[in-house]
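As stored in entry.txt (compact mmCIF, C-alpha atoms):
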```txt
# COMPACT_ATOMS: atom_id res chain seq x y z
CA ALA A 175 -20.72 25.22 -40.77
CA GLN A 176 -24.31 26.38 -40.56
CA THR A 177 -25.16 29.44 -38.50
CA VAL A 178 -28.47 31.00 -37.51
CA THR A 179 -28.70 34.63 -36.45
CA GLN A 180 -31.55 36.30 -34.61
CA SER A 181 -30.71 39.97 -34.27
CA GLN A 182 -33.62 40.98 -32.03
CA PRO A 183 -33.01 39.86 -28.43
CA GLU A 184 -36.33 41.28 -27.22
CA MET A 185 -39.52 42.55 -28.78
CA SER A 186 -42.84 43.79 -27.51
CA VAL A 187 -46.23 43.95 -29.17
CA GLN A 188 -49.69 44.92 -28.06
CA GLU A 189 -52.45 42.39 -28.02
CA ALA A 190 -54.21 42.03 -31.41
CA GLU A 191 -51.33 43.69 -33.24
CA THR A 192 -48.91 42.09 -35.71
CA VAL A 193 -45.23 41.48 -35.04
CA THR A 194 -42.40 40.14 -37.20
CA LEU A 195 -39.38 38.30 -35.83
CA SER A 196 -36.24 38.18 -37.96
CA CYS A 197 -33.89 35.31 -38.69
CA THR A 198 -31.01 34.91 -41.11
CA TYR A 199 -28.97 31.81 -41.74
CA ASP A 200 -25.88 30.76 -43.57
CA THR A 201 -25.37 27.46 -45.34
CA SER A 202 -23.90 25.98 -48.48
CA GLU A 203 -26.44 23.16 -48.50
CA SER A 204 -29.24 23.06 -51.06
CA ASN A 205 -31.59 20.72 -49.18
CA TYR A 206 -32.60 22.00 -45.77
CA TYR A 207 -35.50 22.86 -43.52
CA LEU A 208 -36.20 25.92 -41.42
CA PHE A 209 -38.30 26.08 -38.28
CA TRP A 210 -39.61 28.43 -35.68
CA TYR A 211 -39.94 27.05 -32.18
CA LYS A 212 -41.68 28.69 -29.24
CA GLN A 213 -40.50 28.28 -25.66
CA PRO A 214 -43.07 29.59 -23.15
CA PRO A 215 -42.28 30.03 -19.45
CA SER A 216 -42.81 26.28 -18.95
CA ARG A 217 -39.64 25.93 -21.10
CA GLN A 218 -40.97 23.14 -23.28
CA MET A 219 -39.99 23.71 -26.92
CA ILE A 220 -43.01 23.78 -29.21
CA LEU A 221 -42.81 23.65 -32.98
CA VAL A 222 -44.63 26.64 -34.46
CA ILE A 223 -44.01 26.34 -38.19
CA ARG A 224 -41.75 24.62 -40.72
CA GLN A 225 -40.52 25.54 -44.19
CA GLU A 226 -38.83 23.28 -46.73
CA ALA A 227 -36.15 25.09 -48.70
CA TYR A 228 -37.30 23.63 -52.01
CA LYS A 229 -40.79 25.10 -51.62
CA GLN A 230 -41.26 28.65 -52.86
CA GLN A 231 -44.59 29.10 -51.12
CA ASN A 232 -44.36 30.57 -47.66
CA ALA A 233 -45.66 28.33 -44.88
CA THR A 234 -48.69 29.38 -42.85
CA GLU A 235 -50.17 27.96 -39.64
CA ASN A 236 -53.22 29.86 -38.46
CA ARG A 237 -51.96 33.23 -37.13
CA PHE A 238 -48.33 32.34 -37.86
CA SER A 239 -46.71 32.80 -41.25
CA VAL A 240 -43.20 33.06 -42.59
CA ASN A 241 -41.47 35.18 -45.19
CA PHE A 242 -38.86 32.88 -46.71
CA GLN A 243 -36.32 34.63 -48.93
CA LYS A 244 -33.97 31.89 -50.06
CA ALA A 245 -31.53 34.05 -52.01
CA ALA A 246 -31.19 36.42 -49.07
CA LYS A 247 -31.10 33.49 -46.60
CA SER A 248 -33.79 35.15 -44.55
CA PHE A 249 -36.64 33.46 -42.67
CA SER A 250 -38.87 35.81 -40.68
CA LEU A 251 -41.90 34.89 -38.60
CA LYS A 252 -45.05 37.00 -38.63
CA ILE A 253 -47.54 36.67 -35.80
CA SER A 254 -50.91 38.22 -36.55
CA ASP A 255 -53.55 39.13 -33.99
CA SER A 256 -51.05 38.64 -31.16
CA GLN A 257 -52.40 37.03 -28.01
CA LEU A 258 -51.13 37.07 -24.44
CA GLY A 259 -50.37 33.37 -24.79
CA ASP A 260 -47.86 34.19 -27.52
CA THR A 261 -45.52 35.59 -24.88
CA ALA A 262 -42.45 33.36 -25.10
CA MET A 263 -38.93 32.95 -26.41
CA TYR A 264 -38.92 32.24 -30.12
CA PHE A 265 -36.09 30.31 -31.70
CA CYS A 266 -35.28 30.04 -35.37
CA ALA A 267 -33.69 26.70 -36.30
CA PHE A 268 -32.15 25.07 -39.32
CA ALA A 269 -31.86 21.38 -40.19
CA THR A 270 -29.80 19.68 -42.83
CA GLY A 271 -27.60 16.67 -43.39
CA THR A 272 -28.00 13.31 -41.75
CA ALA A 273 -29.76 12.72 -38.45
CA SER A 274 -31.80 15.90 -38.75
CA LYS A 275 -29.48 17.88 -36.52
CA LEU A 276 -30.84 21.30 -35.63
CA THR A 277 -28.85 24.50 -35.35
CA PHE A 278 -30.62 27.12 -33.25
CA GLY A 279 -30.42 30.87 -33.14
CA THR A 280 -30.02 32.66 -29.81
CA GLY A 281 -33.71 33.48 -29.58
CA THR A 282 -36.00 36.49 -29.43
CA ARG A 283 -37.98 37.16 -26.28
CA LEU A 284 -41.48 38.33 -27.25
CA GLN A 285 -43.71 40.08 -24.75
CA VAL A 286 -47.37 40.59 -25.65
CA THR A 287 -48.96 43.39 -23.64
CA LEU A 288 -52.51 44.56 -23.06
CA SER B 12 -49.70 9.39 -31.16
CA GLN B 13 -46.12 9.85 -30.06
CA THR B 14 -45.08 11.14 -26.65
CA ILE B 15 -41.71 11.84 -25.11
CA HIS B 16 -40.96 11.64 -21.40
CA GLN B 17 -38.08 12.95 -19.36
CA TRP B 18 -37.25 12.48 -15.73
CA PRO B 19 -36.60 13.78 -13.30
CA ALA B 20 -38.16 17.19 -13.88
CA THR B 21 -35.79 18.90 -11.47
CA LEU B 22 -32.59 17.76 -9.82
CA VAL B 23 -30.17 19.31 -7.36
CA GLN B 24 -26.84 17.51 -7.10
CA PRO B 25 -23.56 18.32 -5.34
CA VAL B 26 -20.35 18.78 -7.28
CA GLY B 27 -18.62 15.47 -7.87
CA SER B 28 -21.77 13.36 -7.70
CA PRO B 29 -22.95 11.14 -10.59
CA LEU B 30 -25.80 11.99 -12.94
CA SER B 31 -28.35 10.00 -14.86
CA LEU B 32 -31.14 11.63 -16.86
CA GLU B 33 -33.55 9.46 -18.76
CA CYS B 34 -35.62 10.06 -21.87
CA THR B 35 -38.11 7.68 -23.44
CA VAL B 36 -40.27 7.96 -26.52
CA GLU B 37 -43.58 6.17 -27.03
CA GLY B 38 -45.56 5.47 -30.16
CA THR B 39 -42.76 5.25 -32.69
CA SER B 40 -39.85 3.04 -33.61
CA ASN B 41 -36.26 3.75 -34.58
CA PRO B 42 -36.40 7.46 -33.85
CA ASN B 43 -33.42 9.76 -33.99
CA LEU B 44 -32.76 10.94 -30.43
CA TYR B 45 -31.05 14.08 -29.16
CA TRP B 46 -29.81 15.67 -25.94
CA TYR B 47 -29.57 19.47 -25.70
CA ARG B 48 -28.46 21.79 -22.93
CA GLN B 49 -29.81 25.29 -22.49
CA ALA B 50 -28.02 27.70 -20.18
CA ALA B 51 -30.12 30.43 -18.57
CA GLY B 52 -31.28 32.96 -21.17
CA ARG B 53 -29.39 31.22 -23.94
CA GLY B 54 -30.09 29.09 -26.99
CA LEU B 55 -29.90 25.33 -27.25
CA GLN B 56 -26.62 23.49 -27.60
CA LEU B 57 -26.71 20.01 -29.10
CA LEU B 58 -24.78 17.61 -26.88
CA PHE B 59 -25.41 14.15 -28.34
CA TYR B 60 -27.51 12.49 -30.96
CA SER B 61 -28.26 8.89 -31.85
CA VAL B 62 -29.61 7.33 -35.03
CA GLY B 63 -29.90 3.82 -33.56
CA ILE B 64 -29.26 1.54 -30.60
CA GLY B 65 -25.69 1.86 -29.41
CA GLN B 66 -24.92 4.61 -31.94
CA ILE B 67 -23.96 7.84 -30.19
CA SER B 68 -22.43 10.96 -31.72
CA SER B 69 -20.98 13.67 -29.53
CA GLU B 70 -21.11 17.27 -30.65
CA VAL B 71 -18.96 18.94 -28.01
CA PRO B 72 -16.26 17.68 -25.64
CA GLN B 73 -17.53 17.73 -22.10
CA ASN B 74 -18.01 16.00 -18.82
CA LEU B 75 -21.09 14.13 -20.02
CA SER B 76 -21.80 10.92 -21.89
CA ALA B 77 -24.87 9.41 -23.50
CA SER B 78 -26.14 5.90 -24.10
CA ARG B 79 -29.01 4.31 -25.97
CA PRO B 80 -29.60 0.87 -24.47
CA GLN B 81 -33.00 0.43 -26.14
CA ASP B 82 -34.59 1.74 -29.30
CA ARG B 83 -36.68 4.39 -27.56
CA GLN B 84 -34.52 5.13 -24.53
CA PHE B 85 -31.78 7.73 -24.33
CA ILE B 86 -29.73 8.33 -21.20
CA LEU B 87 -27.47 11.25 -20.31
CA SER B 88 -24.84 10.52 -17.68
CA SER B 89 -21.89 11.91 -15.82
CA LYS B 90 -19.50 10.24 -13.40
CA LYS B 91 -18.66 13.49 -11.59
CA LEU B 92 -20.71 16.62 -11.99
CA LEU B 93 -19.14 20.07 -12.34
CA LEU B 94 -20.72 23.41 -11.47
CA SER B 95 -20.72 24.21 -15.18
CA ASP B 96 -23.02 21.25 -15.83
CA SER B 97 -25.93 23.20 -14.37
CA GLY B 98 -28.64 24.01 -16.90
CA PHE B 99 -31.83 22.91 -18.53
CA TYR B 100 -31.55 19.61 -20.39
CA LEU B 101 -33.91 18.81 -23.20
CA CYS B 102 -34.39 15.51 -24.97
CA ALA B 103 -35.86 15.45 -28.45
CA TRP B 104 -36.79 12.93 -31.08
CA SER B 105 -37.30 12.99 -34.83
CA PRO B 106 -38.71 10.45 -37.28
CA TYR B 107 -36.87 12.13 -40.14
CA THR B 108 -33.48 12.01 -41.73
CA VAL B 109 -33.90 15.73 -42.22
CA GLY B 110 -36.79 17.47 -40.51
CA GLU B 111 -38.24 18.79 -37.32
CA GLN B 112 -37.65 17.51 -33.83
CA TYR B 113 -40.14 17.11 -31.00
CA PHE B 114 -39.05 17.99 -27.51
CA GLY B 115 -39.66 16.60 -24.05
CA PRO B 116 -40.55 18.74 -21.03
CA GLY B 117 -36.93 19.06 -19.91
CA THR B 118 -34.93 18.57 -16.71
CA ARG B 119 -33.65 21.49 -14.67
CA LEU B 120 -30.29 20.49 -13.18
CA THR B 121 -28.62 22.56 -10.49
CA VAL B 122 -25.14 21.55 -9.38
CA THR B 123 -24.24 22.99 -5.98
```
Represent the structure from my file as structure tokens, please.
Amino acid sequence: AQTVTQSQPEMSVQEAETVTLSCTYDTSESNYYLFWYKQPPSRQMILVIRQEAYKQQNATENRFSVNFQKAAKSFSLKISDSQLGDTAMYFCAFATGTASKLTFGTGTRLQVTL
Amino acid sequence: SQTIHQWPATLVQPVGSPLSLECTVEGTSNPNLYWYRQAAGRGLQLLFYSVGIGQISSEVPQNLSASRPQDRQFILSSKKLLLSDSGFYLCAWSPYTVGEQYFGPGTRLTVT
């Protein structure tokens, strides 16, 4: 069975600073995808960034980038130039197999402060 | 573009009453559809998923059921609600066999 572990329940960062959220996963599959989702206070889940396991290049979306270490089964999210609107729960998720089922981590609550 | 709708947005129901939550997707065909539950301060638990009309897979045994009467409609139901059914219910869709999912705005259910 696949598992996703987020070891940081809460984090805080000052506006304009950089923060890294950690995620590790466990799988025996070779073809899979990894995602970071953001859940702001409105509670709607928003896709932040995706990474295909077969790609060595780390994904980047504007201020968001990942550090994908396949051998270590690690998938961290770096947020640069943090903004107040980045305050949210962040979930790491893993997809493999048929039907694109997602397995989520328990989340990291990020607070961006002035 | 594709959009996903859920209703109602909030619901307060007494224990033992029935439940029906609806999810519809626009702008796509034959999507994979999913129901998740999120307890307060917790992660998401996959309840059901569907790869086609009438095809429902259940991930965990529970008091709930799901149906997909039309290609882009996914319904979550219960005949008799329990207190433990309270939570935030999210519907999602995906165009992929393996890939990301896109979520609806969610329904906050409180069972009293």
Q: Using all atoms listed in the file, select each residue of chain A with any atom at most 6 Å away from an atom of chain B, and give the selection as a list in words.
A: Gln218, Met219, Thr270, Thr272, Ala273, Ser274 and Thr280 of chain A
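In terms of minimum interatomic distance to Asn205 of chain A, A:Gly271 ranks closest within A:Gly271, A:Ser250, A:Ser186, A:Ala262, counting only C-alpha atoms.
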Q) Can you list, as a PyMOL selection string, every protein, DNA or RNA residue that comes within 10 Å of segment 78-81 of chain B when you count only C-alpha atoms, leaving out same-chain residues fewer than 4 positions away? A) chain B and resi 33-35+41+44+59-68+85-88
Q) Out of B:Leu30, B:Leu120, B:Leu94, B:Ala51, which residue has the shortest atom-to-atom distance to Ser76 of chain B when counting only C-alpha atoms? A) B:Leu30
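As for atom CA of Gln257 of chain A and atom CA of Thr179 of chain A, they are spaced 25.3 Å apart.
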Q: Identify, on the basis of only C-alpha atoms, every residue whose closest approach to Gln225 of chain A does not exceed 6 Å; exclude the query and any residue fewer than 4 positions from it along the same chain; express the result as a ChimeraX atom specification.
A: /A:207-208,233
